[in-house]
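Colleague: upload.cif is reproduced in full below (mmCIF, C-alpha atoms).
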data_entry
loop_
_atom_site.group_PDB
_atom_site.id
_atom_site.type_symbol
_atom_site.label_atom_id
_atom_site.label_comp_id
_atom_site.auth_asym_id
_atom_site.auth_seq_id
_atom_site.Cartn_x
_atom_site.Cartn_y
_atom_site.Cartn_z
ATOM 1 C CA PHE T 18 141.223 183.681 120.885
ATOM 2 C CA LEU T 19 143.753 182.314 118.407
ATOM 3 C CA ASN T 20 141.600 179.290 117.654
ATOM 4 C CA ILE T 21 138.418 181.316 117.046
ATOM 5 C CA VAL T 22 139.973 184.127 115.029
ATOM 6 C CA GLY T 23 142.393 181.790 113.293
ATOM 7 C CA ALA T 24 139.664 179.434 112.123
ATOM 8 C CA GLU T 25 137.851 182.320 110.460
ATOM 9 C CA LEU T 26 140.990 183.644 108.812
ATOM 10 C CA ILE T 27 141.797 180.190 107.454
ATOM 11 C CA LYS T 28 138.239 179.677 106.194
ATOM 12 C CA PHE T 29 137.753 183.038 104.486
ATOM 13 C CA GLN T 30 141.391 183.918 103.641
ATOM 14 C CA PRO T 31 140.723 187.670 103.573
ATOM 15 C CA THR T 32 142.908 190.085 101.654
ATOM 16 C CA HIS T 33 142.256 192.685 104.372
ATOM 17 C CA ALA T 34 141.522 192.230 108.070
ATOM 18 C CA ALA T 35 141.439 194.096 111.364
ATOM 19 C CA ILE T 36 140.936 193.178 114.984
ATOM 20 C CA ILE T 37 139.242 195.991 116.853
ATOM 21 C CA PHE T 38 139.357 196.887 120.556
ATOM 22 C CA ASP T 39 137.407 199.427 122.590
ATOM 23 C CA GLY T 40 139.307 202.637 123.124
ATOM 24 C CA ASP T 41 140.195 203.872 126.583
ATOM 25 C CA GLY T 42 137.769 206.374 128.049
ATOM 26 C CA ASP T 43 133.989 206.557 128.276
ATOM 27 C CA GLY T 44 133.073 208.062 124.913
ATOM 28 C CA PHE T 45 130.008 210.180 124.119
ATOM 29 C CA ARG T 46 127.378 207.582 125.090
ATOM 30 C CA LYS T 47 128.372 207.726 128.736
ATOM 31 C CA GLU T 48 127.895 211.484 128.645
ATOM 32 C CA ILE T 49 124.311 211.312 127.391
ATOM 33 C CA TRP T 50 123.334 208.248 129.464
ATOM 34 C CA PRO T 51 125.487 208.022 132.634
ATOM 35 C CA THR T 52 124.489 204.421 133.420
ATOM 36 C CA TYR T 53 125.448 203.228 129.928
ATOM 37 C CA LYS T 54 127.163 199.823 130.286
ATOM 38 C CA ALA T 55 127.174 200.246 134.059
ATOM 39 C CA GLN T 56 126.189 196.593 134.524
ATOM 40 C CA ARG T 57 129.104 195.477 132.394
ATOM 41 C CA GLU T 58 131.491 197.579 134.481
ATOM 42 C CA SER T 59 130.198 196.048 137.728
ATOM 43 C CA ASP T 60 130.645 192.573 136.251
ATOM 44 C CA ASP T 61 134.243 193.455 135.342
ATOM 45 C CA ASP T 62 134.859 194.614 138.907
ATOM 46 C CA LEU T 63 133.430 191.356 140.244
ATOM 47 C CA LEU T 64 135.626 189.329 137.913
ATOM 48 C CA ALA T 65 138.678 191.322 138.907
ATOM 49 C CA GLY T 66 137.948 190.502 142.546
ATOM 50 C CA GLN T 67 137.841 186.804 141.711
ATOM 51 C CA VAL T 68 141.189 186.653 139.919
ATOM 52 C CA ASP T 69 143.472 188.479 142.324
ATOM 53 C CA ASN T 70 145.693 185.399 142.580
ATOM 54 C CA ILE T 71 146.070 184.978 138.811
ATOM 55 C CA SER T 72 149.257 186.428 137.371
ATOM 56 C CA LEU T 73 147.558 188.249 134.490
ATOM 57 C CA THR T 74 144.457 190.401 134.771
ATOM 58 C CA MET T 75 142.018 190.471 131.882
ATOM 59 C CA ARG T 76 143.257 193.907 130.841
ATOM 60 C CA GLU T 77 146.852 192.726 130.817
ATOM 61 C CA SER T 78 145.860 189.702 128.761
ATOM 62 C CA MET T 79 144.187 191.920 126.166
ATOM 63 C CA ASN T 80 147.252 194.146 126.037
ATOM 64 C CA ASN T 81 149.368 191.086 125.326
ATOM 65 C CA LEU T 82 147.024 190.058 122.526
ATOM 66 C CA ARG T 83 147.373 193.527 121.028
ATOM 67 C CA ASP T 84 151.118 192.886 120.909
ATOM 68 C CA LEU T 85 150.617 189.542 119.151
ATOM 69 C CA ILE T 86 148.138 190.547 116.453
ATOM 70 C CA PRO T 87 150.542 192.668 114.337
ATOM 71 C CA MET T 88 153.057 189.798 114.492
ATOM 72 C CA LEU T 89 150.460 187.731 112.611
ATOM 73 C CA GLY T 90 150.281 190.328 109.848
ATOM 74 C CA ILE T 91 146.886 191.652 110.944
ATOM 75 C CA LYS T 92 145.991 195.258 111.691
ATOM 76 C CA CYS T 93 145.064 195.932 115.315
ATOM 77 C CA LEU T 94 143.096 199.112 115.912
ATOM 78 C CA GLN T 95 142.074 200.909 119.085
ATOM 79 C CA LEU T 96 140.999 204.552 118.934
ATOM 80 C CA ARG T 97 141.076 206.790 121.983
ATOM 81 C CA ASP T 98 137.601 207.465 123.447
ATOM 82 C CA VAL T 99 135.914 205.482 120.642
ATOM 83 C CA GLU T 100 133.973 202.274 121.258
ATOM 84 C CA GLY T 101 135.051 199.266 119.250
ATOM 85 C CA ASP T 102 131.594 199.083 117.630
ATOM 86 C CA ASP T 103 132.025 202.564 116.155
ATOM 87 C CA THR T 104 135.532 201.715 114.983
ATOM 88 C CA ILE T 105 134.139 198.656 113.194
ATOM 89 C CA ARG T 106 131.503 200.879 111.585
ATOM 90 C CA SER T 107 134.257 203.228 110.465
ATOM 91 C CA VAL T 108 136.445 200.470 109.013
ATOM 92 C CA THR T 109 133.444 199.053 107.176
ATOM 93 C CA GLY T 110 133.018 202.461 105.581
ATOM 94 C CA LEU T 111 136.448 202.051 103.944
ATOM 95 C CA THR T 112 135.713 198.740 102.271
ATOM 96 C CA ASP T 113 133.622 200.262 99.455
ATOM 97 C CA GLU T 114 132.528 197.380 97.220
ATOM 98 C CA ILE T 115 134.700 194.746 98.908
ATOM 99 C CA PRO T 116 132.597 191.922 100.422
ATOM 100 C CA THR T 117 133.009 192.321 104.183
ATOM 101 C CA ILE T 118 132.439 189.998 107.135
ATOM 102 C CA ILE T 119 132.135 191.285 110.709
ATOM 103 C CA SER T 120 132.791 188.577 113.286
ATOM 104 C CA THR T 121 130.792 189.420 116.406
ATOM 105 C CA ASN T 122 127.894 188.424 118.634
ATOM 106 C CA ASP T 123 126.873 192.056 119.180
ATOM 107 C CA LYS T 124 123.318 192.717 118.019
ATOM 108 C CA ASP T 125 124.204 196.372 117.324
ATOM 109 C CA MET T 126 126.231 195.182 114.321
ATOM 110 C CA LEU T 127 123.132 193.951 112.526
ATOM 111 C CA GLN T 128 122.447 197.557 111.496
ATOM 112 C CA LEU T 129 125.495 197.360 109.213
ATOM 113 C CA VAL T 130 124.321 194.297 107.279
ATOM 114 C CA ASN T 131 123.648 194.850 103.591
ATOM 115 C CA LYS T 132 124.342 193.181 100.247
ATOM 116 C CA ARG T 133 128.119 193.336 100.742
ATOM 117 C CA VAL T 134 128.406 193.319 104.561
ATOM 118 C CA ALA T 135 127.540 190.226 106.593
ATOM 119 C CA VAL T 136 127.874 189.399 110.282
ATOM 120 C CA LEU T 137 129.379 186.083 111.343
ATOM 121 C CA SER T 138 128.112 185.073 114.781
ATOM 122 C CA THR T 139 128.362 182.008 116.977
ATOM 123 C CA HIS T 140 124.772 182.779 118.028
ATOM 124 C CA TRP T 141 123.087 183.475 114.689
ATOM 125 C CA GLY T 142 125.411 182.007 112.069
ATOM 126 C CA TYR T 143 126.121 183.877 108.837
ATOM 127 C CA VAL T 144 123.843 186.913 108.882
ATOM 128 C CA THR T 145 122.675 188.468 105.618
ATOM 129 C CA PRO T 146 119.738 190.880 105.192
ATOM 130 C CA ALA T 147 117.443 187.864 104.796
ATOM 131 C CA ARG T 148 118.769 186.414 108.060
ATOM 132 C CA VAL T 149 118.113 189.730 109.874
ATOM 133 C CA ARG T 150 114.523 189.409 108.707
ATOM 134 C CA GLU T 151 114.383 185.864 110.084
ATOM 135 C CA LEU T 152 115.858 186.892 113.427
ATOM 136 C CA LEU T 153 114.067 190.181 114.113
ATOM 137 C CA ASP T 154 111.361 190.393 111.442
ATOM 138 C CA ILE T 155 112.721 193.747 110.264
ATOM 139 C CA ARG T 156 115.205 195.094 107.736
ATOM 140 C CA PRO T 157 118.787 195.945 108.730
ATOM 141 C CA ARG T 158 118.139 199.672 108.287
ATOM 142 C CA GLN T 159 115.424 199.399 110.961
ATOM 143 C CA VAL T 160 117.699 197.831 113.582
ATOM 144 C CA VAL T 161 118.576 201.161 115.226
ATOM 145 C CA ASP T 162 114.908 202.038 115.826
ATOM 146 C CA TYR T 163 114.240 198.462 116.927
ATOM 147 C CA LEU T 164 117.000 198.543 119.555
ATOM 148 C CA ALA T 165 115.935 201.984 120.774
ATOM 149 C CA LEU T 166 112.365 200.724 121.239
ATOM 150 C CA GLN T 167 113.443 197.473 122.857
ATOM 151 C CA GLY T 168 116.315 198.687 124.962
ATOM 152 C CA ASP T 169 119.528 196.764 125.502
ATOM 153 C CA LYS T 170 120.255 194.980 128.780
ATOM 154 C CA ILE T 171 123.930 194.581 127.942
ATOM 155 C CA ASP T 172 124.396 198.291 127.216
ATOM 156 C CA ASN T 173 122.035 199.088 130.111
ATOM 157 C CA TYR T 174 119.353 201.301 128.616
ATOM 158 C CA PRO T 175 115.694 200.342 129.036
ATOM 159 C CA GLY T 176 113.943 201.273 125.806
ATOM 160 C CA VAL T 177 110.253 202.166 125.762
ATOM 161 C CA LYS T 178 108.500 200.703 128.793
ATOM 162 C CA GLY T 179 106.440 197.652 127.922
ATOM 163 C CA MET T 180 107.582 197.464 124.302
ATOM 164 C CA GLY T 181 108.201 193.840 123.279
ATOM 165 C CA PRO T 182 109.911 192.502 120.148
ATOM 166 C CA LYS T 183 106.671 191.619 118.359
ATOM 167 C CA THR T 184 105.205 195.087 118.887
ATOM 168 C CA ALA T 185 108.458 196.776 117.851
ATOM 169 C CA SER T 186 108.723 194.758 114.628
ATOM 170 C CA LYS T 187 105.002 195.242 113.875
ATOM 171 C CA LEU T 188 105.317 199.003 114.285
ATOM 172 C CA LEU T 189 108.388 199.187 112.047
ATOM 173 C CA ASN T 190 106.986 196.894 109.374
ATOM 174 C CA GLU T 191 103.846 198.976 109.120
ATOM 175 C CA PHE T 192 105.346 202.474 109.356
ATOM 176 C CA GLY T 193 108.977 201.980 108.345
ATOM 177 C CA THR T 194 110.504 204.200 111.041
ATOM 178 C CA VAL T 195 109.515 205.459 114.464
ATOM 179 C CA ARG T 196 109.578 209.004 113.091
ATOM 180 C CA ASP T 197 106.975 208.097 110.463
ATOM 181 C CA PHE T 198 104.919 206.294 113.084
ATOM 182 C CA LEU T 199 104.812 209.362 115.311
ATOM 183 C CA ASP T 200 103.944 211.611 112.373
ATOM 184 C CA HIS T 201 101.243 209.501 110.757
ATOM 185 C CA VAL T 202 99.593 207.066 113.200
ATOM 186 C CA LYS T 203 95.847 207.660 113.538
ATOM 187 C CA LYS T 204 93.919 207.666 116.798
ATOM 188 C CA ASP T 205 91.894 204.633 115.784
ATOM 189 C CA HIS T 206 94.989 202.564 114.983
ATOM 190 C CA GLU T 207 95.711 199.616 117.276
ATOM 191 C CA LEU T 208 99.250 200.915 117.898
ATOM 192 C CA PHE T 209 98.220 204.483 118.679
ATOM 193 C CA LYS T 210 98.628 203.981 122.443
ATOM 194 C CA TRP T 211 102.374 203.629 121.868
ATOM 195 C CA LYS T 212 102.656 207.158 120.476
ATOM 196 C CA ALA T 213 102.435 208.794 123.896
ATOM 197 C CA LYS T 214 104.659 206.122 125.478
ATOM 198 C CA ILE T 215 107.387 206.727 122.927
ATOM 199 C CA GLU T 216 107.107 210.509 123.196
ATOM 200 C CA ASP T 217 107.202 210.327 127.010
ATOM 201 C CA SER T 218 110.272 208.066 126.977
ATOM 202 C CA ASP T 219 113.934 208.851 126.299
ATOM 203 C CA PHE T 220 113.635 207.286 122.844
ATOM 204 C CA ARG T 221 115.767 209.953 121.164
ATOM 205 C CA ILE T 222 118.592 209.264 123.593
ATOM 206 C CA PHE T 223 118.171 205.501 123.202
ATOM 207 C CA ARG T 224 118.444 205.914 119.446
ATOM 208 C CA LYS T 225 121.715 207.819 119.805
ATOM 209 C CA LEU T 226 123.013 205.026 122.027
ATOM 210 C CA ALA T 227 122.053 202.355 119.496
ATOM 211 C CA LYS T 228 123.234 204.062 116.306
ATOM 212 C CA LEU T 229 126.825 203.340 115.327
ATOM 213 C CA VAL T 230 128.923 206.357 114.388
ATOM 214 C CA GLU T 231 131.412 206.544 111.533
ATOM 215 C CA TYR T 232 134.643 208.394 112.300
ATOM 216 C CA GLU T 233 137.554 209.421 110.140
ATOM 217 C CA LEU T 234 140.195 206.853 111.007
ATOM 218 C CA THR T 235 143.629 208.157 111.922
ATOM 219 C CA ASP T 236 146.810 206.246 112.634
ATOM 220 C CA PRO T 237 147.147 205.856 116.442
ATOM 221 C CA ASP T 238 150.901 206.432 116.040
ATOM 222 C CA ASP T 239 150.488 209.454 113.754
ATOM 223 C CA GLU T 240 147.143 211.178 114.194
ATOM 224 C CA GLU T 241 147.722 213.423 111.198
ATOM 225 C CA ARG T 242 147.768 210.429 108.854
ATOM 226 C CA ILE T 243 144.364 209.194 107.656
ATOM 227 C CA LEU T 244 144.025 205.422 107.354
ATOM 228 C CA THR T 245 142.922 203.887 104.062
ATOM 229 C CA ILE T 246 141.842 200.393 103.089
ATOM 230 C CA ASP T 247 145.464 199.621 102.181
ATOM 231 C CA ASP T 248 146.428 199.897 105.853
ATOM 232 C CA PHE T 249 144.326 196.804 106.536
ATOM 233 C CA ALA T 250 145.942 194.512 103.956
ATOM 234 C CA VAL T 251 146.922 191.188 105.537
ATOM 235 C CA GLY T 252 150.707 190.936 105.718
ATOM 236 C CA GLU T 253 153.241 188.179 106.221
ATOM 237 C CA PRO T 254 153.458 186.887 109.803
ATOM 238 C CA ASP T 255 156.694 187.225 111.762
ATOM 239 C CA LYS T 256 157.319 183.561 112.575
ATOM 240 C CA ASP T 257 160.148 184.078 115.056
ATOM 241 C CA ALA T 258 158.299 186.838 116.931
ATOM 242 C CA VAL T 259 155.115 184.759 117.217
ATOM 243 C CA LEU T 260 156.932 181.715 118.563
ATOM 244 C CA GLU T 261 158.887 183.840 121.020
ATOM 245 C CA TRP T 262 155.608 185.417 122.195
ATOM 246 C CA MET T 263 154.040 181.984 122.704
ATOM 247 C CA GLU T 264 157.003 180.709 124.637
ATOM 248 C CA SER T 265 157.051 183.776 126.885
ATOM 249 C CA PHE T 266 153.516 182.909 128.055
ATOM 250 C CA GLY T 267 154.144 179.214 128.473
ATOM 251 C CA ILE T 268 152.046 178.144 125.477
ATOM 252 C CA ARG T 269 153.344 174.662 124.805
ATOM 253 C CA LYS T 270 151.252 173.568 121.853
ATOM 254 C CA TYR T 271 150.691 175.294 118.555
ATOM 255 C CA PRO T 272 147.084 176.447 118.081
ATOM 256 C CA PRO T 273 145.758 175.207 114.706
ATOM 257 C CA TYR T 274 145.898 178.681 113.199
ATOM 258 C CA ILE T 275 149.548 179.158 114.170
ATOM 259 C CA THR T 276 150.387 175.768 112.687
ATOM 260 C CA LYS T 277 148.688 176.687 109.415
ATOM 261 C CA VAL T 278 149.727 180.297 108.966
ATOM 262 C CA LEU T 279 153.349 179.814 109.969
ATOM 263 C CA GLY T 280 153.757 176.581 107.999
ATOM 264 C CA LEU T 281 154.771 174.607 111.071
ATOM 265 C CA ALA T 282 154.560 170.906 111.742
ATOM 266 C CA GLU T 283 152.001 170.035 114.384
ATOM 267 C CA GLY T 284 153.503 169.610 117.794
ATOM 268 C CA ARG T 285 154.747 171.445 120.800
ATOM 269 C CA VAL T 286 156.597 174.692 120.962
ATOM 270 C CA ARG T 287 160.321 174.176 121.178
ATOM 271 C CA ARG T 288 162.782 176.793 122.319
ATOM 272 C CA MET T 289 164.266 178.475 119.277
ATOM 273 C CA PHE T 290 166.041 181.449 120.829
#
Let me see whether you can do it: turn the structure in this file into C-alpha cells.
Modeller:
Amino acid sequence: FLNIVGAELIKFQPTHAAIIFDGDGDGFRKEIWPTYKAQRESDDDLLAGQVDNISLTMRESMNNLRDLIPMLGIKCLQLRDVEGDDTIRSVTGLTDEIPTIISTNDKDMLQLVNKRVAVLSTHWGYVTPARVRELLDIRPRQVVDYLALQGDKIDNYPGVKGMGPKTASKLLNEFGTVRDFLDHVKKDHELFKWKAKIEDSDFRIFRKLAKLVEYELTDPDDEERILTIDDFAVGEPDKDAVLEWMESFGIRKYPPYITKVLGLAEGRVRRMF
C-alpha cells in the first residue's frame, strides 16, 4: 500500500489528496438490488476462513492503515453508509478547476473522466477522455449507460441479457443515450430488437447501480461541519508517529515513500522511542 500510494504522491506531488474507504453499512444499492456485490462478500468470507491463523484480519489491517494515513499528512475519509466510489465522486465535485487524478482500477470511475479529471490505473494507464474512447469506444458521459447495458460481474448485476460490448458501444454511438434509443429507434433499424430486451430488463435499476452519486461531505467527527477543498490540503507528516507505527507492526525497512517524505536515510527502522 505504502509503495503504490507513495510512488504516486512522489510523482505527482499533489497540493491536495485523499484516501477513500467504503463506509460501513450496505448503502442504497443493496436496497434496490439485494444481490449487489454478493459475490464479493462471499469471496471475503472465503478469505477470512483461510487466514484464521494470521494475527491481523483484512479489516483490522485496513483499520490500521486508516490510523497511519493522517500521520502522513493525507486526509482519510470514510462516510457512514456511503460507498467509497460515491465519496470519490463527491470529493471530485469539490476540486472545481483543479486538475484531478483518481487512482483506481474501478471501471465505474471512468464516468468521471473529463478535461480536468483523469483516472490513473494499473490496468489502463493514464485515462483521459480520448483513452476512454480507445478502451470502450464511447465518451465518458456514456459510461453509465454502457455499464447498465453490459452489467458488472464485480458488482454482481447482469445488465441486458445478450448485450455485448460492441453492441452497447454501437447503440450509444448512434443514439447517444439509451433513453434516446428507446424513444427514436425505428422498426427497420438493425438494433430495433434490443428495444424490447432493454424495456423487459431491469435496466433502470442497473443504471442506478452504475451511476455514482454526489453527496454533501461532512466531517466524520463533526457532522454539522461541511468539508471544503481546504480540508484535503496535504500537510506535514508526523515523522515520530509514522516510525512508531511502523515499528509497532514489525516493519523493519523503510518503504521508498517513507524514506522520501520523511527525509530519512535509506535503511532499516531503528528504535527511536
Colleague: The PyMOL selection byres ((chain T and resi 272-279) around 12) on the file shown: which residues, as a VMD selection string?
Modeller: chain T and resid 18 to 28 30 85 to 86 88 to 91 251 to 260 262 to 263 268 to 271 280 to 286
Colleague: Taking the file as shown, what set of residues would the PyMOL selection byres ((chain T and resi 96-112) around 10) give back, as a ChimeraX atom specification?
Modeller: /T:33-46,94-95,113-119,121,123,125-126,128-129,133-134,228-237,244-247,249
Colleague: Please produce a file of the residues just selected, as a PDB file, in the frame of the given file, where the atoms kept are C-alpha atoms.
Modeller:
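Output saved as selection_4.pdb:
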ATOM      1  CA  HIS T  33     142.256 192.685 104.372  1.00  0.00           C
ATOM      2  CA  ALA T  34     141.522 192.230 108.070  1.00  0.00           C
ATOM      3  CA  ALA T  35     141.439 194.096 111.364  1.00  0.00           C
ATOM      4  CA  ILE T  36     140.936 193.178 114.984  1.00  0.00           C
ATOM      5  CA  ILE T  37     139.242 195.991 116.853  1.00  0.00           C
ATOM      6  CA  PHE T  38     139.357 196.887 120.556  1.00  0.00           C
ATOM      7  CA  ASP T  39     137.407 199.427 122.590  1.00  0.00           C
ATOM      8  CA  GLY T  40     139.307 202.637 123.124  1.00  0.00           C
ATOM      9  CA  ASP T  41     140.195 203.872 126.583  1.00  0.00           C
ATOM     10  CA  GLY T  42     137.769 206.374 128.049  1.00  0.00           C
ATOM     11  CA  ASP T  43     133.989 206.557 128.276  1.00  0.00           C
ATOM     12  CA  GLY T  44     133.073 208.062 124.913  1.00  0.00           C
ATOM     13  CA  PHE T  45     130.008 210.180 124.119  1.00  0.00           C
ATOM     14  CA  ARG T  46     127.378 207.582 125.090  1.00  0.00           C
ATOM     15  CA  LEU T  94     143.096 199.112 115.912  1.00  0.00           C
ATOM     16  CA  GLN T  95     142.074 200.909 119.085  1.00  0.00           C
ATOM     17  CA  ASP T 113     133.622 200.262  99.455  1.00  0.00           C
ATOM     18  CA  GLU T 114     132.528 197.380  97.220  1.00  0.00           C
ATOM     19  CA  ILE T 115     134.700 194.746  98.908  1.00  0.00           C
ATOM     20  CA  PRO T 116     132.597 191.922 100.422  1.00  0.00           C
ATOM     21  CA  THR T 117     133.009 192.321 104.183  1.00  0.00           C
ATOM     22  CA  ILE T 118     132.439 189.998 107.135  1.00  0.00           C
ATOM     23  CA  ILE T 119     132.135 191.285 110.709  1.00  0.00           C
ATOM     24  CA  THR T 121     130.792 189.420 116.406  1.00  0.00           C
ATOM     25  CA  ASP T 123     126.873 192.056 119.180  1.00  0.00           C
ATOM     26  CA  ASP T 125     124.204 196.372 117.324  1.00  0.00           C
ATOM     27  CA  MET T 126     126.231 195.182 114.321  1.00  0.00           C
ATOM     28  CA  GLN T 128     122.447 197.557 111.496  1.00  0.00           C
ATOM     29  CA  LEU T 129     125.495 197.360 109.213  1.00  0.00           C
ATOM     30  CA  ARG T 133     128.119 193.336 100.742  1.00  0.00           C
ATOM     31  CA  VAL T 134     128.406 193.319 104.561  1.00  0.00           C
ATOM     32  CA  LYS T 228     123.234 204.062 116.306  1.00  0.00           C
ATOM     33  CA  LEU T 229     126.825 203.340 115.327  1.00  0.00           C
ATOM     34  CA  VAL T 230     128.923 206.357 114.388  1.00  0.00           C
ATOM     35  CA  GLU T 231     131.412 206.544 111.533  1.00  0.00           C
ATOM     36  CA  TYR T 232     134.643 208.394 112.300  1.00  0.00           C
ATOM     37  CA  GLU T 233     137.554 209.421 110.140  1.00  0.00           C
ATOM     38  CA  LEU T 234     140.195 206.853 111.007  1.00  0.00           C
ATOM     39  CA  THR T 235     143.629 208.157 111.922  1.00  0.00           C
ATOM     40  CA  ASP T 236     146.810 206.246 112.634  1.00  0.00           C
ATOM     41  CA  PRO T 237     147.147 205.856 116.442  1.00  0.00           C
ATOM     42  CA  LEU T 244     144.025 205.422 107.354  1.00  0.00           C
ATOM     43  CA  THR T 245     142.922 203.887 104.062  1.00  0.00           C
ATOM     44  CA  ILE T 246     141.842 200.393 103.089  1.00  0.00           C
ATOM     45  CA  ASP T 247     145.464 199.621 102.181  1.00  0.00           C
ATOM     46  CA  PHE T 249     144.326 196.804 106.536  1.00  0.00           C
TER      47      PHE T 249
END
Colleague: Do you know which residues the PyMOL selection byres ((chain T and resi 192) around 12) returns on this file, as an MDAnalysis selection string?
Modeller: chainID T and resid 155 159 162 185:191 193:203 206 208:209
Colleague: Tell me, in Å to one decimal, how far atom CA of Arg242 of chain T is from atom CA of Pro87 of chain T.
Modeller: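 Computing the Euclidean distance for atom CA of Arg242 of chain T and atom CA of Pro87 of chain T yields 18.8 Å.
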Colleague: Need the axis-aligned box for segment 85-95 of chain T with 3 Å each side, so what are the centre and edges in Å to one decimal, as JSON?
Modeller:
{"center_x": 147.6, "center_y": 194.3, "center_z": 114.5, "size_x": 17.0, "size_y": 19.2, "size_z": 15.3}
Colleague: For a cut-off of 9 Å around (111.3, 192.4, 119.4), file coordinates, pick out all residues using only C-alpha atoms and list them as a list in words.
Modeller: Leu153, Asp154, Tyr163, Leu164, Leu166, Gln167, Met180, Gly181, Pro182, Lys183, Thr184, Ala185, Ser186 and Lys187 of chain T
Colleague: Write out as a PDB file with C-alpha atoms, in the frame of the given file the residues lying within 7 Å of segment 138-151 of chain T, counting all atoms listed in the file and excluding same-chain residues fewer than 5 positions away.
Modeller:
ATOM      1  CA  SER T 120     132.791 188.577 113.286  1.00  0.00           C
ATOM      2  CA  THR T 121     130.792 189.420 116.406  1.00  0.00           C
ATOM      3  CA  ASN T 122     127.894 188.424 118.634  1.00  0.00           C
ATOM      4  CA  VAL T 130     124.321 194.297 107.279  1.00  0.00           C
ATOM      5  CA  ASN T 131     123.648 194.850 103.591  1.00  0.00           C
ATOM      6  CA  ARG T 156     115.205 195.094 107.736  1.00  0.00           C
ATOM      7  CA  PRO T 157     118.787 195.945 108.730  1.00  0.00           C
TER       8      PRO T 157
END
Colleague: For Ser218 of chain T, work out the shell of residues within 8 Å, counting only C-alpha atoms and skipping chain neighbours fewer than 5 positions away, then give it as JSON, numbers by chain.
Modeller: {"T": [176, 177, 178]}
Colleague: So the first atom is atom CA of Lys47 of chain T and the second is atom CA of Phe223 of chain T; what is the distance between them in Å, to one decimal place?
Modeller: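 Atom CA of Phe223 of chain T lies at a distance of 11.8 Å from atom CA of Lys47 of chain T.
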